[in-house]
Each structure stands twice: as C-alpha cells, then as structure tokens.
file input-v5.cif (mmCIF, C-alpha atoms and all ligand atoms)
data_coords
loop_
_atom_site.label_atom_id
_atom_site.label_comp_id
_atom_site.auth_asym_id
_atom_site.auth_seq_id
_atom_site.Cartn_x
_atom_site.Cartn_y
_atom_site.Cartn_z
CA MET A 3 -31.91 -12.28 -6.91
CA THR A 4 -28.41 -13.72 -7.16
CA ASP A 5 -26.20 -13.78 -4.09
CA LEU A 6 -24.01 -10.76 -4.74
CA ARG A 7 -22.02 -11.56 -1.62
CA HIS A 8 -20.87 -14.92 -2.96
CA HIS A 9 -17.11 -14.97 -3.59
CA GLY A 10 -14.60 -17.56 -4.76
CA ASP A 11 -13.39 -18.34 -1.23
CA VAL A 12 -16.73 -20.08 -0.60
CA ASP A 13 -16.29 -22.26 -3.70
CA ALA A 14 -12.83 -23.35 -2.56
CA GLY A 15 -12.54 -25.84 0.27
CA PRO A 16 -10.32 -28.24 2.20
CA GLY A 17 -8.82 -30.99 0.08
CA LEU A 18 -9.75 -29.30 -3.21
CA VAL A 19 -7.26 -28.00 -5.76
CA ASP A 20 -8.18 -24.32 -5.78
CA PHE A 21 -9.05 -22.78 -9.13
CA ALA A 22 -11.76 -20.66 -7.46
CA VAL A 23 -9.76 -17.94 -5.71
CA ASN A 24 -7.72 -15.56 -7.83
CA VAL A 25 -4.85 -15.13 -5.38
CA ARG A 26 -1.32 -15.91 -6.59
CA GLY A 27 0.08 -18.71 -4.41
CA THR A 28 -0.72 -19.42 -0.79
CA GLY A 29 1.09 -16.58 0.97
CA PRO A 30 3.44 -13.65 0.46
CA PRO A 31 7.07 -14.15 -0.58
CA ARG A 32 9.61 -14.57 2.21
CA TRP A 33 11.03 -11.04 1.94
CA LEU A 34 7.56 -9.51 2.28
CA ARG A 35 6.64 -11.75 5.18
CA ASP A 36 9.87 -10.63 6.88
CA ARG A 37 8.91 -6.98 6.40
CA LEU A 38 5.53 -7.65 8.00
CA VAL A 39 7.15 -9.49 10.90
CA THR A 40 9.49 -6.53 11.45
CA ALA A 41 6.48 -4.21 11.48
CA LEU A 42 5.07 -6.28 14.36
CA ASP A 43 7.65 -4.57 16.59
CA THR A 44 5.77 -1.29 16.11
CA ILE A 45 2.23 -2.41 16.99
CA GLY A 46 2.72 -1.33 20.60
CA ARG A 47 1.92 2.22 19.45
CA TYR A 48 -0.82 3.71 17.29
CA PRO A 49 -0.16 3.95 13.54
CA SER A 50 1.58 7.30 13.09
CA ALA A 51 1.28 10.05 10.50
CA ALA A 52 4.85 9.13 9.49
CA ASP A 53 3.81 5.49 8.77
CA ASP A 54 0.93 6.72 6.64
CA ARG A 55 3.12 9.29 4.92
CA ALA A 56 5.79 6.67 4.10
CA ALA A 57 3.16 4.43 2.50
CA ARG A 58 1.64 7.29 0.50
CA GLU A 59 5.05 8.49 -0.66
CA ALA A 60 6.02 5.01 -1.85
CA VAL A 61 2.73 4.57 -3.73
CA ALA A 62 2.96 8.07 -5.19
CA ALA A 63 6.48 7.38 -6.49
CA ARG A 64 5.32 4.06 -7.98
CA HIS A 65 2.52 5.66 -9.98
CA GLY A 66 3.98 9.10 -10.72
CA ARG A 67 1.52 10.83 -8.40
CA SER A 68 1.88 13.04 -5.36
CA PRO A 69 1.36 11.68 -1.82
CA ASP A 70 -1.81 13.73 -1.30
CA GLU A 71 -3.34 11.84 -4.24
CA VAL A 72 -3.06 8.54 -2.32
CA LEU A 73 -5.46 7.15 0.28
CA VAL A 74 -4.34 3.90 1.91
CA LEU A 75 -7.22 1.47 2.34
CA ALA A 76 -8.01 -1.73 4.19
CA GLY A 77 -8.22 -3.46 0.82
CA ALA A 78 -9.90 -2.24 -2.34
CA ALA A 79 -13.11 -3.50 -0.73
CA GLU A 80 -12.92 -0.63 1.76
CA GLY A 81 -12.82 1.76 -1.19
CA PHE A 82 -16.17 0.40 -2.37
CA ALA A 83 -17.61 0.69 1.14
CA LEU A 84 -16.61 4.38 1.21
CA LEU A 85 -18.33 5.26 -2.09
CA PRO A 86 -21.67 6.18 -0.45
CA SER A 87 -19.80 9.03 1.31
CA LEU A 88 -19.78 10.78 -2.07
CA ALA A 89 -23.61 10.83 -1.93
CA PRO A 90 -24.15 9.85 -5.57
CA LYS A 91 -27.66 10.30 -6.96
CA LEU A 92 -27.37 7.44 -9.43
CA ALA A 93 -24.58 4.89 -9.66
CA ALA A 94 -23.96 2.87 -12.80
CA ILE A 95 -22.09 -0.41 -12.34
CA VAL A 96 -20.60 -2.00 -15.42
CA HIS A 97 -21.30 -5.76 -15.38
CA PRO A 98 -20.47 -8.57 -15.33
CA SER A 99 -17.98 -7.56 -12.65
CA PHE A 100 -17.01 -7.87 -9.01
CA THR A 101 -20.20 -7.36 -7.02
CA GLU A 102 -19.05 -5.62 -3.82
CA PRO A 103 -19.39 -2.07 -5.23
CA GLU A 104 -23.05 -2.76 -6.02
CA VAL A 105 -23.63 -4.29 -2.58
CA ALA A 106 -22.04 -1.31 -0.78
CA LEU A 107 -24.02 1.24 -2.76
CA ARG A 108 -27.37 -0.56 -2.53
CA GLN A 109 -26.96 -1.10 1.21
CA ALA A 110 -26.47 2.64 1.62
CA GLY A 111 -29.66 3.32 -0.34
CA VAL A 112 -27.93 4.65 -3.47
CA PRO A 113 -29.96 3.93 -6.64
CA VAL A 114 -27.95 1.56 -8.84
CA ARG A 115 -28.27 0.91 -12.55
CA ARG A 116 -26.63 -2.21 -13.96
CA VAL A 117 -24.95 -1.75 -17.32
CA VAL A 118 -24.53 -5.27 -18.68
CA LEU A 119 -22.05 -5.25 -21.55
CA PRO A 120 -22.87 -7.17 -24.71
CA GLU A 121 -19.95 -9.52 -25.34
CA TYR A 122 -18.17 -7.82 -22.42
CA ARG A 123 -17.07 -4.95 -24.63
CA LEU A 124 -17.11 -1.53 -22.97
CA ASP A 125 -19.29 1.07 -24.67
CA PRO A 126 -19.55 4.39 -22.77
CA ALA A 127 -22.80 5.17 -24.62
CA LEU A 128 -24.53 2.40 -22.63
CA VAL A 129 -24.06 4.26 -19.35
CA PRO A 130 -27.12 6.37 -18.45
CA ASP A 131 -26.42 10.05 -18.79
CA ALA A 132 -27.86 10.72 -15.32
CA ALA A 133 -25.27 8.54 -13.59
CA ASP A 134 -22.99 10.71 -11.46
CA LEU A 135 -20.93 7.70 -10.35
CA VAL A 136 -19.68 4.92 -12.63
CA VAL A 137 -17.79 1.85 -11.44
CA VAL A 138 -15.88 -0.36 -13.85
CA GLY A 139 -13.27 -3.07 -13.36
CA ASN A 140 -10.11 -3.16 -15.49
CA PRO A 141 -9.08 -5.87 -16.12
CA THR A 142 -12.51 -7.12 -15.23
CA ASN A 143 -13.28 -9.94 -12.86
CA PRO A 144 -14.71 -12.42 -13.96
CA THR A 145 -14.37 -11.94 -17.72
CA SER A 146 -10.61 -11.21 -17.75
CA THR A 147 -11.36 -8.47 -20.27
CA LEU A 148 -8.94 -5.55 -20.43
CA HIS A 149 -10.67 -2.41 -21.67
CA PRO A 150 -8.64 0.23 -23.55
CA ALA A 151 -7.65 3.07 -21.20
CA ALA A 152 -9.13 5.66 -23.55
CA THR A 153 -12.53 3.93 -23.54
CA VAL A 154 -12.50 3.68 -19.75
CA ARG A 155 -11.47 7.31 -19.50
CA ALA A 156 -14.39 8.28 -21.74
CA LEU A 157 -16.79 7.19 -18.97
CA ALA A 158 -15.74 10.19 -16.85
CA ARG A 159 -16.93 13.74 -17.27
CA PRO A 160 -17.34 16.83 -15.10
CA GLY A 161 -20.09 16.14 -12.58
CA ARG A 162 -19.55 12.39 -12.77
CA LEU A 163 -16.94 10.41 -10.91
CA LEU A 164 -15.43 7.36 -12.55
CA VAL A 165 -14.12 4.65 -10.20
CA VAL A 166 -11.84 2.13 -11.87
CA ASP A 167 -11.29 -1.07 -9.93
CA GLU A 168 -7.74 -2.04 -10.90
CA ALA A 169 -7.42 -4.80 -8.28
CA PHE A 170 -5.90 -7.08 -10.97
CA MET A 171 -3.96 -4.51 -12.98
CA ASP A 172 -0.64 -5.54 -11.42
CA ALA A 173 -1.12 -8.93 -13.08
CA VAL A 174 -1.10 -7.29 -16.52
CA PRO A 175 2.41 -7.00 -17.99
CA GLY A 176 3.40 -3.35 -18.21
CA GLU A 177 0.08 -2.38 -16.62
CA VAL A 178 -0.96 -1.25 -20.09
CA GLU A 179 -4.40 0.43 -20.02
CA SER A 180 -4.01 1.48 -16.38
CA LEU A 181 -5.31 4.88 -15.33
CA ALA A 182 -3.29 4.83 -12.09
CA GLY A 183 -0.96 7.54 -13.36
CA THR A 184 -3.73 9.69 -14.83
CA ARG A 185 -4.36 12.91 -12.91
CA SER A 186 -8.01 13.90 -13.21
CA PRO A 187 -10.57 15.38 -10.82
CA ASP A 188 -13.14 12.91 -12.19
CA VAL A 189 -11.26 9.61 -11.82
CA VAL A 190 -10.46 7.45 -8.80
CA VAL A 191 -8.44 4.27 -9.24
CA LEU A 192 -8.59 1.50 -6.66
CA ARG A 193 -5.67 -0.88 -6.26
CA SER A 194 -5.19 -4.00 -4.16
CA LEU A 195 -2.24 -5.85 -2.66
CA THR A 196 -4.37 -8.94 -2.20
CA LYS A 197 -3.92 -10.86 -5.42
CA THR A 198 -0.33 -10.53 -6.58
CA TRP A 199 1.13 -10.57 -3.07
CA ALA A 200 -1.16 -13.27 -1.66
CA LEU A 201 -2.29 -11.06 1.22
CA PRO A 202 -6.08 -11.52 1.33
CA GLY A 203 -6.05 -11.83 5.10
CA LEU A 204 -4.16 -8.58 5.67
CA ARG A 205 -6.63 -6.22 3.92
CA ALA A 206 -4.41 -3.73 2.12
CA GLY A 207 -4.90 -1.52 -0.91
CA TYR A 208 -5.18 2.13 -1.87
CA ALA A 209 -7.07 4.72 -3.84
CA LEU A 210 -5.52 7.21 -6.26
CA GLY A 211 -7.40 10.39 -7.02
CA ALA A 212 -7.78 14.10 -6.52
CA PRO A 213 -7.11 15.14 -2.90
CA THR A 214 -10.57 16.73 -2.58
CA VAL A 215 -12.29 13.52 -3.71
CA LEU A 216 -10.13 11.37 -1.41
CA ALA A 217 -10.98 13.68 1.51
CA ARG A 218 -14.69 13.19 0.85
CA LEU A 219 -14.23 9.44 0.64
CA ALA A 220 -12.35 9.39 3.93
CA ALA A 221 -14.59 11.83 5.82
CA ALA A 222 -16.56 9.20 7.75
CA ARG A 223 -13.71 6.79 8.42
CA PRO A 224 -12.75 5.99 11.99
CA HIS A 225 -9.47 7.29 13.28
CA TRP A 226 -6.54 4.91 12.51
CA PRO A 227 -8.49 3.06 9.78
CA VAL A 228 -5.42 1.16 8.55
CA GLY A 229 -3.00 -0.64 10.87
CA THR A 230 0.77 -0.37 10.98
CA ILE A 231 1.34 -3.77 9.36
CA GLN A 232 -0.95 -2.90 6.45
CA LEU A 233 0.89 0.39 5.99
CA ALA A 234 4.23 -1.46 6.03
CA ALA A 235 2.91 -3.82 3.34
CA VAL A 236 1.74 -0.95 1.15
CA THR A 237 5.15 0.72 1.46
CA ALA A 238 7.04 -2.50 0.73
CA CYS A 239 4.96 -3.50 -2.30
CA ALA A 240 5.32 -0.07 -3.92
CA GLU A 241 9.12 -0.06 -3.80
CA PRO A 242 10.99 -0.63 -7.08
CA PRO A 243 12.21 -4.20 -6.36
CA ALA A 244 8.65 -5.27 -5.51
CA VAL A 245 7.27 -3.62 -8.64
CA ALA A 246 9.92 -5.42 -10.72
CA GLU A 247 9.00 -8.73 -9.05
CA ALA A 248 5.30 -8.14 -9.73
CA GLU A 249 6.08 -7.41 -13.38
CA LYS A 250 8.01 -10.66 -13.70
CA ALA A 251 5.15 -12.55 -12.09
CA ALA A 252 2.69 -10.85 -14.44
CA GLN A 253 4.67 -12.02 -17.46
CA GLU A 254 4.79 -15.58 -16.15
CA ILE A 255 1.06 -15.58 -15.39
CA ALA A 256 0.34 -14.29 -18.90
CA GLU A 257 2.32 -17.18 -20.39
CA HIS A 258 0.57 -19.73 -18.20
CA ARG A 259 -2.82 -18.19 -18.94
CA ASP A 260 -2.32 -18.24 -22.69
CA ALA A 261 -1.22 -21.87 -22.55
CA LEU A 262 -4.21 -22.82 -20.39
CA ALA A 263 -6.59 -20.90 -22.66
CA ALA A 264 -5.23 -22.68 -25.74
CA SER A 265 -5.61 -26.11 -24.12
CA LEU A 266 -9.13 -25.42 -22.87
CA ALA A 267 -10.24 -23.94 -26.18
CA ARG A 268 -9.26 -27.22 -27.84
CA LEU A 269 -11.72 -29.16 -25.64
CA PRO A 270 -15.03 -29.80 -27.40
CA GLY A 271 -17.81 -28.01 -25.52
CA VAL A 272 -15.58 -25.52 -23.70
CA GLU A 273 -15.85 -21.88 -24.75
CA VAL A 274 -13.09 -19.59 -23.43
CA THR A 275 -13.67 -15.84 -23.20
CA LEU A 276 -10.88 -14.22 -25.22
CA PRO A 277 -8.90 -12.06 -25.28
CA ALA A 278 -8.06 -12.50 -21.61
CA ALA A 279 -5.70 -10.30 -19.64
CA GLY A 280 -6.18 -11.23 -16.00
CA PRO A 281 -4.85 -14.15 -13.93
CA PHE A 282 -8.09 -16.07 -14.56
CA LEU A 283 -10.31 -17.21 -17.42
CA LEU A 284 -14.06 -17.18 -17.89
CA LEU A 285 -15.39 -20.40 -19.41
CA ARG A 286 -18.77 -21.40 -20.75
CA VAL A 287 -19.87 -25.00 -20.82
CA ARG A 288 -23.19 -26.78 -21.16
CA GLU A 289 -24.77 -27.96 -17.89
CA GLY A 290 -22.34 -25.78 -15.98
CA GLU A 291 -23.69 -26.64 -12.55
CA ARG A 292 -23.38 -30.38 -13.23
CA VAL A 293 -19.83 -29.83 -14.49
CA ARG A 294 -18.92 -27.73 -11.45
CA GLN A 295 -20.20 -30.41 -9.08
CA ALA A 296 -18.45 -33.16 -11.05
CA LEU A 297 -15.17 -31.22 -10.85
CA ARG A 298 -15.61 -30.96 -7.08
CA ARG A 299 -16.01 -34.72 -6.85
CA ARG A 300 -12.73 -34.94 -8.75
CA GLY A 301 -11.13 -32.66 -6.16
CA ILE A 302 -11.19 -29.42 -8.17
CA ALA A 303 -12.85 -26.17 -7.10
CA VAL A 304 -13.84 -23.58 -9.71
CA ARG A 305 -15.75 -20.35 -9.19
CA ARG A 306 -19.46 -20.48 -10.09
CA GLY A 307 -20.47 -17.79 -12.58
CA ASP A 308 -24.17 -17.41 -11.88
CA THR A 309 -23.77 -14.90 -9.03
CA PHE A 310 -22.34 -12.33 -11.44
CA PRO A 311 -25.05 -10.15 -13.07
CA GLY A 312 -25.15 -10.98 -16.77
CA LEU A 313 -23.77 -14.53 -16.41
CA THR A 314 -25.39 -17.94 -15.95
CA SER A 315 -24.68 -21.25 -14.25
CA ASP A 316 -22.98 -22.31 -17.49
CA HIS A 317 -20.22 -19.79 -16.78
CA LEU A 318 -17.29 -20.92 -14.68
CA ARG A 319 -14.26 -18.86 -13.70
CA VAL A 320 -10.91 -20.58 -13.30
CA ALA A 321 -7.74 -19.13 -11.81
CA VAL A 322 -4.48 -19.52 -13.71
CA ARG A 323 -2.09 -21.85 -11.88
CA ASP A 324 1.29 -23.31 -12.81
CA PRO A 325 1.20 -25.58 -15.90
CA GLU A 326 1.36 -28.82 -13.89
CA THR A 327 -1.63 -27.84 -11.75
CA CYS A 328 -3.48 -26.60 -14.83
CA GLU A 329 -3.16 -30.11 -16.34
CA LEU A 330 -5.47 -31.39 -13.57
CA LEU A 331 -8.16 -28.92 -14.60
CA ILE A 332 -7.75 -29.63 -18.30
CA ALA A 333 -8.03 -33.39 -17.75
CA ALA A 334 -11.07 -33.07 -15.48
CA LEU A 335 -12.89 -30.76 -17.89
CA ALA A 336 -12.03 -33.07 -20.79
CA ALA A 337 -13.69 -35.90 -18.88
CA GLU A 338 -16.77 -34.02 -17.68
CA VAL A 339 -17.80 -31.58 -20.40
CA ARG A 340 -20.23 -32.84 -23.06
CA SER A 341 -20.17 -31.05 -26.37
C1 LIG B 1 -12.13 -7.25 -8.99
C2 LIG B 1 -11.91 -7.17 -7.52
N1 LIG B 1 -11.79 -5.98 -6.95
C3 LIG B 1 -11.56 -5.85 -5.63
C4 LIG B 1 -11.46 -6.96 -4.83
C5 LIG B 1 -11.22 -6.77 -3.37
O1 LIG B 1 -9.88 -6.60 -3.15
P1 LIG B 1 -9.28 -6.41 -1.70
O2 LIG B 1 -8.90 -7.76 -1.20
O3 LIG B 1 -8.12 -5.50 -1.90
O4 LIG B 1 -10.35 -5.79 -0.86
C6 LIG B 1 -11.59 -8.23 -5.37
C7 LIG B 1 -11.50 -9.43 -4.53
O5 LIG B 1 -11.88 -10.50 -4.88
C8 LIG B 1 -11.81 -8.33 -6.76
O6 LIG B 1 -11.93 -9.53 -7.35
#

call {"tool": "encode", "arguments": {"input": "input-v5.cif", "output": "structure tokens"}}
result
Amino acid sequence: MTDLRHHGDVDAGPGLVDFAVNVRGTGPPRWLRDRLVTALDTIGRYPSAADDRAAREAVAARHGRSPDEVLVLAGAAEGFALLPSLAPKLAAIVHPSFTEPEVALRQAGVPVRRVVLPEYRLDPALVPDAADLVVVGNPTNPTSTLHPAATVRALARPGRLLVVDEAFMDAVPGEVESLAGTRSPDVVVLRSLTKTWALPGLRAGYALGAPTVLARLAAARPHWPVGTIQLAAVTACAEPPAVAEAEKAAQEIAEHRDALAASLARLPGVEVTLPAAGPFLLLRVREGERVRQALRRRGIAVRRGDTFPGLTSDHLRVAVRDPETCELLIAALAAEVRS
C-alpha cells in the first residue's frame, strides 16, 4: 500500500532548491501580509458572524454566487475531511490525484473505489454507477491535466454529489473549465488560497455549493471552525485587485511552464505529460528513484510520484519556478537521466 499521506513538503528540505512543493513563492505578497497583520488586532475576540459574512460575500461576488452558497474552510483539506458527513455509500475517486480525499473517506469507513484514468483522460463512463460521491481534481495534481468543464459536469447526476477539487484553478489563466460559477444541487467546488497566495501555513479555502449540501457538510464542525485571520485572508483574496493579480500570476506561470516543458521534452529520456495546465509538470524517466536521489545530491528536491495511485517511481512531479531556477532543474536532469 502506498503512503497516501506523503506530500511534497516531505520531499523538500533545508538547503534544497524546492521543485517538490507547488506553492508560488515563499510567502504572501506584502499587501496581503499587511492585511493579515491588521487582522491580528481583532483576535482578542471570537470570530464574528460579520467576519464570516464579509468573507462569504467577497467570495460570492468573485464567483457570481450568493453568500449562502459559500462555506469558508480551514483549507481545501478541511473540505475533504468533512465529506464523510454526507454519509456516502460508495465514493469514487478519480486518480491519479491528490490523495487526501481518499484518506479522509477511508478513515471514516466509507467504501472507496479508485477510478484510474487511462492516459489521464477523464471518461465519466469509467465511474461506477453505484457511486453516490465522486471526487475529481481540476486541474489535477499531479498530472497537470485540465479536464473540460462539460466532461467534469457529466460526472454529476441526481442522487450523486460531484466534488471538484479546484485547488489549482486560480493558476489557470481565465479559470477556463472551472465549475466555481455553476449553480447545481449536485456539485460542490473546493478552492484553496494556499498555492497562489503562498499561505500553506494559514489553512484557508472555501467550498461553493448548494446551501443544503454545505449545511450537511458543516453539521459536525466545531463552533468557530475558521479563525479571524483566515477569514480576513479569504476576504482579501476574493477582492477584484487580488483576482486581477492572481490572473497576471497565472499567465506568467503558464509562460514559464510552457518554456520548462519544451526544454525538458528536448532531453533524451524525459517524457513530459502534456498538455499541462497547472503550475507543475508530471515527468516520466527511467530509474526514477535513482534520478530523484541523484537530483537531491545535486541540491534539487522533486516530488516522488509513486505515492499517487496509478503512478510509479519513474514518475516525478516538478513545480514551475522562474526561468533562472528552472535552468538548475533542466541541467541536473540532463546530467542524470539515461535514455
Ligand atoms: C490538489 C490539491 N487539493 C487540495 C490541497 C489542499 O489544499 P489546502 O492547503 O487548501 O488544504 C492540495 C495541497 O497540496 C492539493 O494539492
């Protein structure tokens, strides 16, 4: 059994150039940090309904939804942890993908069926008819595949809830193929502030869905599940200037990713999964574990692929960095990969 709880932060380490963790930069921009610091002045009181309302209103305006269709979360990961509250009879998880949904459901005793996609292409017919919960990532970690919105949408039906993990959608220019603005009783979209805003330590995200579904998800939460600083972050990152900044960053990442993909694809023995839409690339090389260890000795951390269902130790995931940093990875792979 692979370690489903392995994540890129374990592959990164002191002194290593980090291509393992898919977070943009090392911390939030100055203006956002300032907003969080200002929010510190309010932590002498409990988070209020007004704080929560402000966050939900900002998110609702960003996605063309209403505030009662927004549930603020302590990261998208909390959204996965809440899924067992829906008491699904059979959950289908589309793989390869982020493993926390499967962990949360299995730990709660929910039967899970893995749907491993051939060539990472989404085919709704592969999902067992009996599944009353389906979880899919879009764009998908670790393949960087962006599924068409219509195909994703086709996974939902009355009596089955579709959960779309859009933790990386804000890194896709124009957020094309997002279902965040789609109003449906059968669809919940999870979003994260972690990646684009470099806030992994804060734990902030949200769910978008029908109010009745969100109420069921939230039923067993403790009181005050999300702190004032997290709520302030959610509000700030949903405001129009932040959305415009994220869009600009998404365009830059896309340029850097395409350049990195082209350089890596030219290396004999390196197979790049294309098309790619996320801020990371999935590679396949021979003797992947040897290559990964050799890269570490050269001071470069990449994410191992073998803990993702459907992948092997020959799969490596690399984050997209600025072109200068990417040169280090390209040179190291050129030296270590044998065709
Ligand atoms: C695809 C995907 N979804 C969700 C998460 C969790 O996001 P958050 O930090 O908002 O809990 C991650 C984190 O690595 C991820 O890669």

call {"tool": "residues_near_ligand", "arguments": {"input": "input-v5.cif", "ligand": "ligand LIG 1 (chain B)", "cutoff": "6 Å", "atoms": "all atoms listed in the file", "output": "list in words"}}
result
Gly77, Ala78, Ala79, Phe100, Asn143, Asp167, Ala169, Ser194, Leu195, Thr196, Pro202, Arg205, Ala206 and Gly207 of chain A

call {"tool": "atom_distance", "arguments": {"input": "input-v5.cif", "atom1": "CA of Ile255 (chain A)", "atom2": "CA of Leu297 (chain A)"}}
result
23.0 Å

call {"tool": "axis_aligned_box", "arguments": {"input": "input-v5.cif", "around": "region 243-251 of chain A", "padding_each_side": "5 Å", "output": "JSON"}}
result
{"center_x": 8.7, "center_y": -8.1, "center_z": -9.6, "size_x": 17.1, "size_y": 18.9, "size_z": 18.2}

call {"tool": "atom_distance", "arguments": {"input": "input-v5.cif", "atom1": "CA of Leu18 (chain A)", "atom2": "CA of Ala321 (chain A)"}}
result
13.5 Å

call {"tool": "closest_atom_pairs", "arguments": {"input": "input-v5.cif", "of": "region 176-292 of chain A", "to": "region 301-304 of chain A", "cutoff": "12 Å", "atoms": "all atoms listed in the file", "output": "JSON lines"}}
result
{"residue": "A:Phe282", "atom": "CA", "partner": "A:Val304", "partner_atom": "CA", "distance": 10.6}
{"residue": "A:Leu283", "atom": "CA", "partner": "A:Val304", "partner_atom": "CA", "distance": 10.6}
{"residue": "A:Leu284", "atom": "CA", "partner": "A:Val304", "partner_atom": "CA", "distance": 10.4}
{"residue": "A:Leu285", "atom": "CA", "partner": "A:Val304", "partner_atom": "CA", "distance": 10.3}
{"residue": "A:Gly290", "atom": "CA", "partner": "A:Val304", "partner_atom": "CA", "distance": 10.8}
{"residue": "A:Glu291", "atom": "CA", "partner": "A:Val304", "partner_atom": "CA", "distance": 10.7}

call {"tool": "write_last_selection", "arguments": {"input": "input-v5.cif", "atoms": "C-alpha atoms", "output": "tab-separated table (two decimals), keeping the file's coordinate frame"}}
result
chain	number	residue	atom	x	y	z
A	282	PHE	CA	-8.09	-16.07	-14.56
A	283	LEU	CA	-10.31	-17.21	-17.42
A	284	LEU	CA	-14.06	-17.18	-17.89
A	285	LEU	CA	-15.39	-20.40	-19.41
A	290	GLY	CA	-22.34	-25.78	-15.98
A	291	GLU	CA	-23.69	-26.64	-12.55

call {"tool": "residues_near_point", "arguments": {"input": "input-v5.cif", "point": "(-2.5, -2.7, 7.6)", "cutoff": "10 Å", "atoms": "all atoms listed in the file", "output": "PyMOL selection string"}}
result
chain A and resi 38+41+49+74-77+204-207+226-236

call {"tool": "closest_residue", "arguments": {"input": "input-v5.cif", "among": "A:Glu326, A:Phe310, A:Pro270, A:Leu34", "to": "Val118 (chain A)", "atoms": "all atoms listed in the file"}}
result
A:Phe310

call {"tool": "closest_atom_pairs", "arguments": {"input": "input-v5.cif", "of": "region 167-194 of chain A", "to": "region 62-68 of chain A", "cutoff": "9 Å", "atoms": "all atoms listed in the file", "output": "CSV"}}
result
residue,atom,partner,partner_atom,distance
A:Ala182,CA,A:His65,CA,6.2
A:Gly183,CA,A:His65,CA,5.2
A:Thr184,CA,A:Arg67,CA,8.4
A:Arg185,CA,A:Arg67,CA,7.7

call {"tool": "closest_residue", "arguments": {"input": "input-v5.cif", "among": "A:Glu289, A:Asp188, A:Glu177, A:Asp172", "to": "Arg26 (chain A)", "atoms": "all atoms listed in the file"}}
result
A:Asp172

call {"tool": "closest_residue", "arguments": {"input": "input-v5.cif", "among": "A:Glu179, A:Glu273, A:Ser265, A:Arg340", "to": "Arg292 (chain A)", "atoms": "only C-alpha atoms"}}
result
A:Arg340

call {"tool": "atom_distance", "arguments": {"input": "input-v5.cif", "atom1": "CA of Ala221 (chain A)", "atom2": "CA of Ala94 (chain A)"}}
result
22.7 Å

call {"tool": "residues_around", "arguments": {"input": "input-v5.cif", "residues": "Thr4 (chain A)", "least_positions_apart": "3", "cutoff": "12 Å", "atoms": "all atoms listed in the file", "output": "list in words"}}
result
Arg7, His8, His9, Thr101, Val105, Arg306, Gly307, Asp308, Thr309, Phe310, Pro311, Gly312, Leu313, Thr314 and Ser315 of chain A

call {"tool": "closest_residue", "arguments": {"input": "input-v5.cif", "among": "A:Leu163, A:Asp11, A:Arg123, A:Gly27", "to": "Ala89 (chain A)", "atoms": "only C-alpha atoms"}}
result
A:Leu163

call {"tool": "closest_residue", "arguments": {"input": "input-v5.cif", "among": "A:Ala212, A:Ala60, A:Ala240, A:Val19", "to": "Arg299 (chain A)", "atoms": "all atoms listed in the file"}}
result
A:Val19

call {"tool": "residues_around", "arguments": {"input": "input-v5.cif", "residues": "Gly280 (chain A)", "least_positions_apart": "4", "cutoff": "7 Å", "atoms": "only C-alpha atoms", "output": "list of chain:residue names"}}
result
A:Pro141, A:Ser146, A:Phe170, A:Ala173, A:Val174

call {"tool": "closest_residue", "arguments": {"input": "input-v5.cif", "among": "A:Gly81, A:Asn140, A:Arg298, A:Pro150", "to": "Glu338 (chain A)", "atoms": "only C-alpha atoms"}}
result
A:Arg298

call {"tool": "residues_around", "arguments": {"input": "input-v5.cif", "residues": "Arg218 (chain A)", "least_positions_apart": "3", "cutoff": "8 Å", "atoms": "only C-alpha atoms", "output": "list in words"}}
result
Ser87, Leu88, Thr214, Val215 and Ala221 of chain A

call {"tool": "write_last_selection", "arguments": {"input": "input-v5.cif", "atoms": "C-alpha atoms", "output": "PDB file, in the frame of the given file"}}
result
ATOM      1  CA  SER A  87     -19.800   9.030   1.310  1.00  0.00           C
ATOM      2  CA  LEU A  88     -19.780  10.780  -2.070  1.00  0.00           C
ATOM      3  CA  THR A 214     -10.570  16.730  -2.580  1.00  0.00           C
ATOM      4  CA  VAL A 215     -12.290  13.520  -3.710  1.00  0.00           C
ATOM      5  CA  ALA A 221     -14.590  11.830   5.820  1.00  0.00           C
TER       6      ALA A 221
END

call {"tool": "residues_near_point", "arguments": {"input": "input-v5.cif", "point": "(6.8, -16.4, -2.4)", "cutoff": "12 Å", "atoms": "all atoms listed in the file", "output": "PyMOL selection string"}}
result
chain A and resi 26-36+198-201+244+247-248+251

call {"tool": "write_last_selection", "arguments": {"input": "input-v5.cif", "atoms": "C-alpha atoms", "output": "mmCIF file, keeping the file's coordinate frame"}}
result
data_model
loop_
_atom_site.group_PDB
_atom_site.id
_atom_site.type_symbol
_atom_site.label_atom_id
_atom_site.label_comp_id
_atom_site.auth_asym_id
_atom_site.auth_seq_id
_atom_site.Cartn_x
_atom_site.Cartn_y
_atom_site.Cartn_z
ATOM 1 C CA ARG A 26 -1.320 -15.910 -6.590
ATOM 2 C CA GLY A 27 0.080 -18.710 -4.410
ATOM 3 C CA THR A 28 -0.720 -19.420 -0.790
ATOM 4 C CA GLY A 29 1.090 -16.580 0.970
ATOM 5 C CA PRO A 30 3.440 -13.650 0.460
ATOM 6 C CA PRO A 31 7.070 -14.150 -0.580
ATOM 7 C CA ARG A 32 9.610 -14.570 2.210
ATOM 8 C CA TRP A 33 11.030 -11.040 1.940
ATOM 9 C CA LEU A 34 7.560 -9.510 2.280
ATOM 10 C CA ARG A 35 6.640 -11.750 5.180
ATOM 11 C CA ASP A 36 9.870 -10.630 6.880
ATOM 12 C CA THR A 198 -0.330 -10.530 -6.580
ATOM 13 C CA TRP A 199 1.130 -10.570 -3.070
ATOM 14 C CA ALA A 200 -1.160 -13.270 -1.660
ATOM 15 C CA LEU A 201 -2.290 -11.060 1.220
ATOM 16 C CA ALA A 244 8.650 -5.270 -5.510
ATOM 17 C CA GLU A 247 9.000 -8.730 -9.050
ATOM 18 C CA ALA A 248 5.300 -8.140 -9.730
ATOM 19 C CA ALA A 251 5.150 -12.550 -12.090
#
